[in-house]
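Engineer: I have a structure here, written as structure tokens, and I will follow up with some questions on it.
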Amino acid sequence: MKYKYPDDSLALHTDAYELSMMQTYWKQGIGNRRAVFEAFFRKMPFQNGYAVFAGLDHIIEYVKNLHFTDSDIEYLKSTNQFDDDFIEYLRQFKFSGSIRSFQEGDLVFNHEPIFQVEAPMMEAQLIETAILNILNFQIMIATKASRIKSIVGQQPVMEFGSRRAQELDAAIWGTRAAYIGGFDATSNVRAGKLFGIPISGTHAHALVQAYRNDYDAFKAYAETHRDCVFLVDTFDTLKSGVPNAIKVAKEFGNKINFQGVRIDSGDMAYLSKKVRQMLDDAGFKDAKIYASNGLDEKTIQNLQMQGAKIDVWGIGTKLITAYDQPTLGAVYKLVAFEDKNGKMVDTIKLSNNVAKMSTPGKKQVWRINDRKDGKSEGDYITLDDENPCEESSLNMFNPNFPLQQKDVDDFNARPMLKDIWKDGQFVYDEPTLDESRQRRARHLDSLWDEYKRDLNPEVYPVDLSQKCYDNKLNMIHRIHEYVKTLDN
Ligand SMILES: Nc1ncnc2c1ncn2[C@@H]1O[C@H](COP(=O)(O)OP(=O)(O)OP(=O)(O)O)[C@@H](O)[C@H]1O
Ligand SMILES: O=P(O)(O)OC[C@H]1O[C@H](OP(=O)(O)OP(=O)(O)O)[C@H](O)[C@@H]1O
Ligand SMILES: O=C(O)c1cccnc1
């Protein structure tokens, strides 16, 4: 396969309609007016009580490198869909706006802005597709990983999904998201090199098949490696795999570090208990039992319930493909746009479905924590000019059920949308990947258990300030009045 052009850039990683709209804005002279777009999702992934934010690092790389190459320009010309003067404008395109975002490892919730772009309309429009592409995938994988890690607890959990992922990028960025979500290592060596994620692995059935029997295969592996985990289920786990693993471990003694065995099929509760007994009886009490094969948080929980003696978990398909939910469904909506007099005017998208109505205005999300126990009370969405830190008491109410409300007195309020770019300047002090991973663990600690259970969690409060709520209602009302005039 050959590309049609010698180079590739991500500037064209956008939907054609973004470029079509840009051309309209540009030709109509409104392309440089400021616009504010916000990304949010409507439903919690996997019906989980929280989601884990990930993807910012990839977005930063994308925006930093965003420009149209000569071949991008040449290609756009060849489509005959865009005017030459507009294409010439694209040649000097550079992102000049501002971006605010949650940070990787932060917990995020539905209906709150998780990512905000304030930029000339044309610029903000171009980047929608890539931003959603990245966030929709990485948040889902980080959240799935976090669900799995929460069930597994302190035991190590390894990401094994590259061979099953939706192509190369999904494997790489998926494993990075999984690491933020709490996974401990990956089998993908490139992800180890690129991101510094610890790499880890055992061996495949091919090795045993190549030597035609367990003993010769394990012996060959032991002769060529110090750390050894033997895969014991190629022929017969209990009759051949484990006895031969023990035999080789005994023969090599201190010459190898016999870490344990991996089981990849069969009844893993039954087998792991038997295998544990065999390893213990042989004096290998510290040897670990690794398990893989179609695992996720549900199978793991079930195996735990059955008393399975598994110490290390390898997870592929069901993590990296976000098996039970194909996308997060995050959207990117225009919430304010500069008018011809240079004034920012809020905008709204109405819908017959109340849940689908956007919340107008440039906003900030504040995480409200109880000052006494540090626990999160909920998220409080304000218009950008409000500051709940100046209030002594907050009335938090559910915008869909305004009667559901509570007053919070002794609280800390932290703004969650952090500056990443300001007027074209990159201003973010990027955390390391390990810091982002720790952030998720720290934030989970401040969440009540009721929001963290994997089945039917309580709904975490995501509330609007009175001003934000009134602004939304007023806009809805005004538009309804306007539509009524059209009926006549
Ligand atoms: N004790 C158990 N309780 C619940 N689920 C289990 C148990 N043991 C294994 N599983 C899960 O059952 C599913 C099917 O296991 P099974 O061994 O039949 O897989 P398989 O892929 O058909 O095996 P093989 O690789 O031998 O073809 C896997 O997702 C596995 O994780
Ligand atoms: O089941 P998953 O969660 O996706 O985990 C990854 C799977 O990939 C490997 O199997 P594969 O059959 O690809 O190779 P093998 O020859 O090593 O068994 C491994 O043995 C796991 O079963
Ligand atoms: O190292 C392993 O055991 C491994 C790696 C990828 C997929 N399955 C297993």
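Ordering of the structure tokens sets the chain letters (A, B, ...), residue numbers begin anew at 1 in every chain, and ligands are numbered from 1 in the order given.
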I want to know what sits within 9 Å of A:Tyr332, based on only C-alpha atoms, with residues of the same chain fewer than 3 positions away left out; could you give that as a ChimeraX atom specification?
Structural biologist: /A:37-41,115-116,128-129,131-132
Engineer: Could you pull out all residues of stretch 121-311 of chain A with a DSSP call of helix (DSSP H, G or I) and give them as a count of residues only?
Structural biologist: 115
Engineer: Any idea what's packed within 7 Å of A:Ala287, counting only C-alpha atoms, ignoring anything in its chain fewer than 4 positions away? Could you give it as a list in words?
Structural biologist: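 Once the adjacent positions are removed, what remains is Phe258, Gln259 and Gly260 of chain A.
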Engineer: Skipping near chain neighbours, those fewer than 5 positions away, what residues fall within 12 Å of A:Tyr221 using only C-alpha atoms, listed as a PyMOL selection string?
Structural biologist: chain A and resi 202-204+207-208+210-211+214-216+226-231+245+248-249+252+256-258
Engineer: Take atom CA of A:Leu464 and atom CA of A:Ile381 and report the distance between them in Å, one decimal.
Structural biologist: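 It comes out at 4.7 Å.
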Engineer: Please, what distance in Å, to one decimal, runs between atom 15 (O, counted along the ligand's line) of ligand 1 and atom CA of A:Gly266?
Structural biologist: 5.5 Å
Engineer: If we count only C-alpha atoms, what is near A:Asp233 at a cut-off of 12 Å, once residues fewer than 5 positions away on the same chain are taken out, given as a PyMOL selection string?
Structural biologist: chain A and resi 203-206+208-209+213-214+238-245+261-268+271-272+275+290-293
Engineer: Given the selection you just returned, output its residues as a file containing C-alpha atoms, formatted as a PDB file, in the first residue's frame.
Structural biologist:
```pdb
ATOM      1  CA  HIS A 203       5.406 -16.210  26.369  1.00  0.00           C
ATOM      2  CA  ALA A 204       2.867 -17.583  23.895  1.00  0.00           C
ATOM      3  CA  HIS A 205       1.654 -21.065  23.003  1.00  0.00           C
ATOM      4  CA  ALA A 206       3.853 -20.878  19.895  1.00  0.00           C
ATOM      5  CA  VAL A 208       5.569 -24.644  23.472  1.00  0.00           C
ATOM      6  CA  GLN A 209       4.277 -25.774  20.085  1.00  0.00           C
ATOM      7  CA  ASN A 213       6.380 -30.339  24.658  1.00  0.00           C
ATOM      8  CA  ASP A 214       6.198 -28.229  27.806  1.00  0.00           C
ATOM      9  CA  LEU A 238      -2.576 -29.954  35.508  1.00  0.00           C
ATOM     10  CA  LYS A 239      -1.021 -33.074  33.994  1.00  0.00           C
ATOM     11  CA  SER A 240       1.743 -31.520  31.913  1.00  0.00           C
ATOM     12  CA  GLY A 241       2.045 -27.719  32.083  1.00  0.00           C
ATOM     13  CA  VAL A 242       2.400 -27.196  35.797  1.00  0.00           C
ATOM     14  CA  PRO A 243       4.431 -30.339  36.592  1.00  0.00           C
ATOM     15  CA  ASN A 244       6.925 -29.383  33.876  1.00  0.00           C
ATOM     16  CA  ALA A 245       7.076 -25.763  35.027  1.00  0.00           C
ATOM     17  CA  VAL A 261       2.806 -19.652  35.580  1.00  0.00           C
ATOM     18  CA  ARG A 262       0.110 -18.306  33.290  1.00  0.00           C
ATOM     19  CA  ILE A 263      -3.255 -19.960  32.659  1.00  0.00           C
ATOM     20  CA  ASP A 264      -5.019 -18.916  29.437  1.00  0.00           C
ATOM     21  CA  SER A 265      -8.026 -21.254  29.136  1.00  0.00           C
ATOM     22  CA  GLY A 266     -10.361 -23.577  30.946  1.00  0.00           C
ATOM     23  CA  ASP A 267     -12.114 -23.072  34.269  1.00  0.00           C
ATOM     24  CA  MET A 268      -9.783 -20.556  35.838  1.00  0.00           C
ATOM     25  CA  LEU A 271      -7.505 -24.620  37.727  1.00  0.00           C
ATOM     26  CA  SER A 272      -5.964 -21.771  39.710  1.00  0.00           C
ATOM     27  CA  VAL A 275      -2.235 -24.970  40.453  1.00  0.00           C
ATOM     28  CA  TYR A 290      -1.128 -15.188  36.016  1.00  0.00           C
ATOM     29  CA  ALA A 291      -4.469 -15.376  34.222  1.00  0.00           C
ATOM     30  CA  SER A 292      -5.593 -14.181  30.791  1.00  0.00           C
ATOM     31  CA  ASN A 293      -8.364 -14.979  28.273  1.00  0.00           C
TER      32      ASN A 293
END
```
Engineer: Pick out the closest residue to ligand 1 from this set: A:Glu74, A:Glu167, A:Asp236, A:Glu386. Count only C-alpha atoms and all ligand atoms.
Structural biologist: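 The shortest atom-to-atom distance to ligand 1 comes from A:Asp236.
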Engineer: Could you list, with a cut-off of 7 Å and counting only C-alpha atoms and all ligand atoms, the residues of chain A near ligand 3, each shown with its nearest atom pair and the distance in Å rounded to one decimal, rows sorted by chain and ascending number, as JSON lines?
Structural biologist:
```
{"residue": "A:Phe160", "atom": "CA", "partner": "ligand 3", "partner_atom_place_in_ligand_line": "6 (C)", "distance": 4.3}
{"residue": "A:Gly161", "atom": "CA", "partner": "ligand 3", "partner_atom_place_in_ligand_line": "7 (C)", "distance": 6.3}
{"residue": "A:Ser187", "atom": "CA", "partner": "ligand 3", "partner_atom_place_in_ligand_line": "5 (C)", "distance": 5.3}
{"residue": "A:Ser200", "atom": "CA", "partner": "ligand 3", "partner_atom_place_in_ligand_line": "1 (O)", "distance": 6.5}
{"residue": "A:Gly201", "atom": "CA", "partner": "ligand 3", "partner_atom_place_in_ligand_line": "1 (O)", "distance": 3.1}
{"residue": "A:Thr202", "atom": "CA", "partner": "ligand 3", "partner_atom_place_in_ligand_line": "1 (O)", "distance": 3.9}
{"residue": "A:His203", "atom": "CA", "partner": "ligand 3", "partner_atom_place_in_ligand_line": "3 (O)", "distance": 5.2}
{"residue": "A:Ala204", "atom": "CA", "partner": "ligand 3", "partner_atom_place_in_ligand_line": "3 (O)", "distance": 6.3}
{"residue": "A:Gly314", "atom": "CA", "partner": "ligand 3", "partner_atom_place_in_ligand_line": "9 (C)", "distance": 6.9}
{"residue": "A:Gly316", "atom": "CA", "partner": "ligand 3", "partner_atom_place_in_ligand_line": "7 (C)", "distance": 6.8}
```
Engineer: Excluding A:Gln166 and its own-chain neighbours fewer than 3 positions away, which residues fall within 12 Å of it when counting only C-alpha atoms? Please give them as a ChimeraX atom specification.
Structural biologist: /A:137,161-163,169-174,316-323,326
Engineer: Give me, as a VMD selection string, all polymer residues having an atom no more than 12 Å from A:Lys94, counting only C-alpha atoms and skipping those fewer than 2 positions away in the same chain.
Structural biologist: chain A and resid 11 62 to 69 89 to 92 96 to 97 119 to 120 122 to 124 126 to 127 423 to 425
Engineer: When you count only C-alpha atoms, which of these residues is closest to A:Gln306: A:Lys193, A:Lys356, A:Lys273, A:Lys288?
Structural biologist: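 Using only C-alpha atoms, A:Gln306 sits closest to A:Lys273.
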Engineer: Looking at A:Arg34, A:Lys298, A:Arg440, A:Arg164, which one is nearest to ligand 2, with distances taken over only C-alpha atoms and all ligand atoms?
Structural biologist: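 Looking at the shortest contact to ligand 2, the residue is A:Arg164.
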Engineer: Find, counting only C-alpha atoms and all ligand atoms, the residue in A:Leu334, A:Val157, A:Ile246, A:Ala355 that gets nearest to ligand 2.
Structural biologist: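 Of all the options, A:Val157 lies closest to ligand 2.
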Engineer: From a backbone DSSP assignment, name each residue in stretch 286-407 of chain A labelled strand (DSSP E), as a VMD selection string.
Structural biologist: chain A and resid 288 to 291 312 to 315 331 to 338 344 to 346 363 to 370 376 to 383 394 to 398 401 to 407
Engineer: Just give me the gap between atom CA of A:Lys343 and atom CA of A:Asn474 in Å, one decimal is fine.
Structural biologist: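 Taking atom CA of A:Lys343 as the start and atom CA of A:Asn474 as the end point, the length is 18.5 Å.
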